[in-house]
Amino acid sequence: MRHLLSTLDLDADAATELLDTAAKLKATLLGREVRKLPTLRGRTVVTMFYESSTRTRVSFEVAGKWMSADVINVSAGGSSVGKGESLRDTALTLAAAGADCVVVRHPASGAAQRLAHWLSDNGTAVVNAGDGMHEHPTQALLDAATLRERLGELAGRRVGIVGDVLHSRVARSNVHLLRTLGAEVVLVAPPTLLPAGVDDWNVPVSYELDPELPALDAVMMLRVQAERMHGGFFPSAREYSIAYGLNEARLRMLPEHAVVLHPGPMLRGMEIASAVADSPRAAITQQVSNGVHVRMAVLYHLLAAGAEETRTKETV
Ligand code: ASP
């Protein structure tokens with residue numbers, strides 16, 4: 001693996017290998033007082049976030065640090081981006097300064113692919129940490145890791161992805177990955193929050209949540225992404241919540257074993273009720289901790305696997 005830009009880049013074997021590595025790393029670190037492996041000693045990871053983030057940015061930083069990489073955070077506000085430097089020049093500067101891996105979040109769909117193209121001669125790996133409305137591959141991997149822990153293998157499981165599919169890179173990455181891993185996906189959203197070419201995704205689509213719930217093994221609630229909306233996509237927050245919000249009555253319509261996921265940040269009372277978010281059926285904090293192990297696995301496969309075969313057998 002040279003870069004991680006899209007879940008479409010992963011076949012079932014590659015995705016399973018990443019998830020297995022994440023699970024091994026998690027088991028290795030469990031209960032340790034000092035969570036530090038030497039795996040990426042001497043490697044430099046730069047996170048470059050042009051959009052706000054809490055979970056993704058922190059977990060990439062923790063992941064790198066737990067594997068002894070030097071992690072440097074660059075934000076658009078505090079860098080020369082604020083002086084008008086282009087994404088390309090910023091990226092080439094970071095590579096010239098010694099970055100082995102650039103983790104990028106950007107509001108433009110396709111930004112991570114462009115970066116990987118520009119850095120192709122430098123040997124710098126690129127990880128897409130969310131590009132516009134396009135993809136967020138490590139989110140889908142951490143969701144799959146969480147579902148594997150809660151449900152076992154994903155083949156044959158049915159996952160509902162509910163809400164603002166149109167603006168959601170989480171939905172796109174999950175549709176690809178879940179299907180690659182053999183799960184069935186159903187999208188549930190009002191017609192205004194579905195992308196124009198959704199028929200080409202070849203997944204069932206429903207405009208109504210209630211009839212779908214009893215057949216689901218997992219339900220993934222999406223945030224309503226107001227920052228990407230220009231215009232009215234639904235009549236009011238209250239009406240959206242009544243039609244598509246996961247409340248306690250709807251939680252009871254799910255099978256007993258079904259898991260509730262949310263990528264965060266949550267809008268409590270909008271797409272998810274507080275009582276549901278805080279119930280044991282929800283795996284939201286488990287998703288966040290799995291995010292660290294999945295990102296460790298991604299950095300390991302990009303920066304260490306193969307080159308350090310002998311050493312990693314001892315440390316992973
Ligand atoms: N944190 C996720 C993302 O960056 C989901 C969201 O923002 O709603 O795409």
# chains A, B, ... in the order shown; residues from 1 in each chain; ligands from 1
>>> residues_around(residues="Thr44 of chain A", least_positions_apart="2", cutoff="10 Å", atoms="only C-alpha atoms", output="mmCIF file with N, CA and C atoms, in the first residue's frame")
data_model
loop_
_atom_site.group_PDB
_atom_site.id
_atom_site.type_symbol
_atom_site.label_atom_id
_atom_site.label_comp_id
_atom_site.auth_asym_id
_atom_site.auth_seq_id
_atom_site.Cartn_x
_atom_site.Cartn_y
_atom_site.Cartn_z
ATOM 1 N N LEU A 40 7.668 2.930 14.546
ATOM 2 C CA LEU A 40 7.885 4.031 13.585
ATOM 3 C C LEU A 40 8.936 5.023 14.082
ATOM 4 N N ARG A 41 9.869 4.521 14.893
ATOM 5 C CA ARG A 41 10.924 5.410 15.393
ATOM 6 C C ARG A 41 11.687 6.001 14.207
ATOM 7 N N GLY A 42 11.909 7.300 14.229
ATOM 8 C CA GLY A 42 12.657 7.943 13.142
ATOM 9 C C GLY A 42 11.792 8.334 11.944
ATOM 10 N N VAL A 46 3.138 14.098 9.209
ATOM 11 C CA VAL A 46 2.605 15.464 9.298
ATOM 12 C C VAL A 46 1.099 15.408 9.071
ATOM 13 N N THR A 47 0.334 15.965 9.992
ATOM 14 C CA THR A 47 -1.106 16.074 9.757
ATOM 15 C C THR A 47 -1.395 17.495 9.278
ATOM 16 N N GLY A 64 0.314 7.888 15.800
ATOM 17 C CA GLY A 64 1.726 8.068 15.449
ATOM 18 C C GLY A 64 2.596 8.045 16.693
ATOM 19 N N SER A 68 5.869 5.736 18.235
ATOM 20 C CA SER A 68 7.143 6.463 18.326
ATOM 21 C C SER A 68 7.499 7.298 17.104
ATOM 22 N N ALA A 69 6.528 7.585 16.228
ATOM 23 C CA ALA A 69 6.814 8.505 15.111
ATOM 24 C C ALA A 69 6.871 9.932 15.662
ATOM 25 N N ASP A 70 7.549 10.801 14.944
ATOM 26 C CA ASP A 70 7.470 12.228 15.265
ATOM 27 C C ASP A 70 6.255 12.758 14.516
ATOM 28 N N VAL A 71 5.323 13.333 15.250
ATOM 29 C CA VAL A 71 4.080 13.811 14.618
ATOM 30 C C VAL A 71 4.029 15.326 14.702
ATOM 31 N N ILE A 72 3.839 15.945 13.556
ATOM 32 C CA ILE A 72 3.786 17.414 13.492
ATOM 33 C C ILE A 72 2.432 17.816 12.916
ATOM 34 N N ALA A 95 7.185 17.742 2.306
ATOM 35 C CA ALA A 95 7.976 16.586 1.865
ATOM 36 C C ALA A 95 9.464 16.925 1.909
ATOM 37 N N ALA A 97 10.887 18.952 3.806
ATOM 38 C CA ALA A 97 11.321 19.063 5.203
ATOM 39 C C ALA A 97 11.400 17.697 5.882
ATOM 40 N N GLY A 98 11.061 16.629 5.140
ATOM 41 C CA GLY A 98 11.291 15.292 5.688
ATOM 42 C C GLY A 98 10.059 14.503 6.081
ATOM 43 N N ALA A 99 8.861 14.926 5.658
ATOM 44 C CA ALA A 99 7.662 14.152 6.019
ATOM 45 C C ALA A 99 7.666 12.802 5.301
ATOM 46 N N ASP A 100 7.513 11.718 6.041
ATOM 47 C CA ASP A 100 7.365 10.392 5.424
ATOM 48 C C ASP A 100 5.913 10.133 5.065
ATOM 49 N N CYS A 101 5.011 10.803 5.780
ATOM 50 C CA CYS A 101 3.584 10.599 5.533
ATOM 51 C C CYS A 101 2.850 11.913 5.787
ATOM 52 N N VAL A 102 1.956 12.269 4.905
ATOM 53 C CA VAL A 102 1.111 13.442 5.110
ATOM 54 C C VAL A 102 -0.333 12.958 5.255
ATOM 55 N N LEU A 303 4.209 2.748 6.345
ATOM 56 C CA LEU A 303 5.570 3.203 6.662
ATOM 57 C C LEU A 303 6.513 2.109 7.157
#
>>> residues_around(residues="segment 262-278 of chain A", least_positions_apart="3", cutoff="6 Å", atoms="only C-alpha atoms", output="list in words")
Met220, Met221, Ser241, Gly245, Leu246, Asn247, Ala282 and Ile284 of chain A
>>> residues_around(residues="segment 172-174 of chain A", least_positions_apart="3", cutoff="9 Å", atoms="only C-alpha atoms", output="list in words")
Ser6, Thr7, Leu8, Met133, His134, Glu135, His136, Pro137, Thr138, Gln139, Ala140, Leu141, Asp143, Ala144, Ile161, Val165, Ser168, Arg169, Leu177, Leu178, Arg179 and Val185 of chain A
>>> residues_around(residues="Ala112 of chain A", least_positions_apart="2", cutoff="8 Å", atoms="only C-alpha atoms", output="MDAnalysis selection string")
chainID A and resid 5 104:106 109:110 114:116 126:128 131
>>> closest_residue(among="A:Met253, A:Val205, A:Ala218, A:Val170", to="ligand 1", atoms="only C-alpha atoms and all ligand atoms")
A:Val170
>>> closest_residue(among="A:Met296, A:Ala145, A:Ala129, A:Ile242", to="ligand 1", atoms="only C-alpha atoms and all ligand atoms")
A:Ala129
>>> closest_residue(among="A:His301, A:His117, A:Arg158, A:Arg223", to="Val203 of chain A", atoms="only C-alpha atoms")
A:Arg158
>>> closest_residue(among="A:Gln225, A:Thr16, A:Gln287, A:Ser79", to="ligand 1", atoms="only C-alpha atoms and all ligand atoms")
A:Gln225
>>> closest_residue(among="A:Ala15, A:Val175, A:Val224, A:Val186", to="ligand 1", atoms="only C-alpha atoms and all ligand atoms")
A:Val224
>>> atom_distance(atom1="atom CA of Pro211 of chain A", atom2="atom CA of Leu187 of chain A")
12.5 Å
>>> closest_residue(among="A:Leu154, A:Val260, A:Leu216, A:Val58", to="ligand 1", atoms="only C-alpha atoms and all ligand atoms")
A:Val58
>>> select_by_dssp(residues="segment 3-173 of chain A", states="alpha helix (DSSP H)", output="MDAnalysis selection string")
chainID A and resid 12:29 55:66 87:96 111:118 137:151 169:173
>>> select_by_dssp(residues="segment 82-181 of chain A", states="strand (DSSP E or B)", output="count of residues only")
19
>>> atom_distance(atom1="atom CA of Leu92 of chain A", atom2="atom CA of Gly130 of chain A")
19.9 Å
>>> residues_around(residues="Thr21 of chain A", least_positions_apart="2", cutoff="8 Å", atoms="only C-alpha atoms", output="list in words")
Glu17, Leu18, Leu19, Ala23, Lys24, Leu25, Val294, Ala297 and Val316 of chain A
>>> atom_distance(atom1="atom CA of Val219 of chain A", atom2="atom CA of Val159 of chain A")
5.7 Å
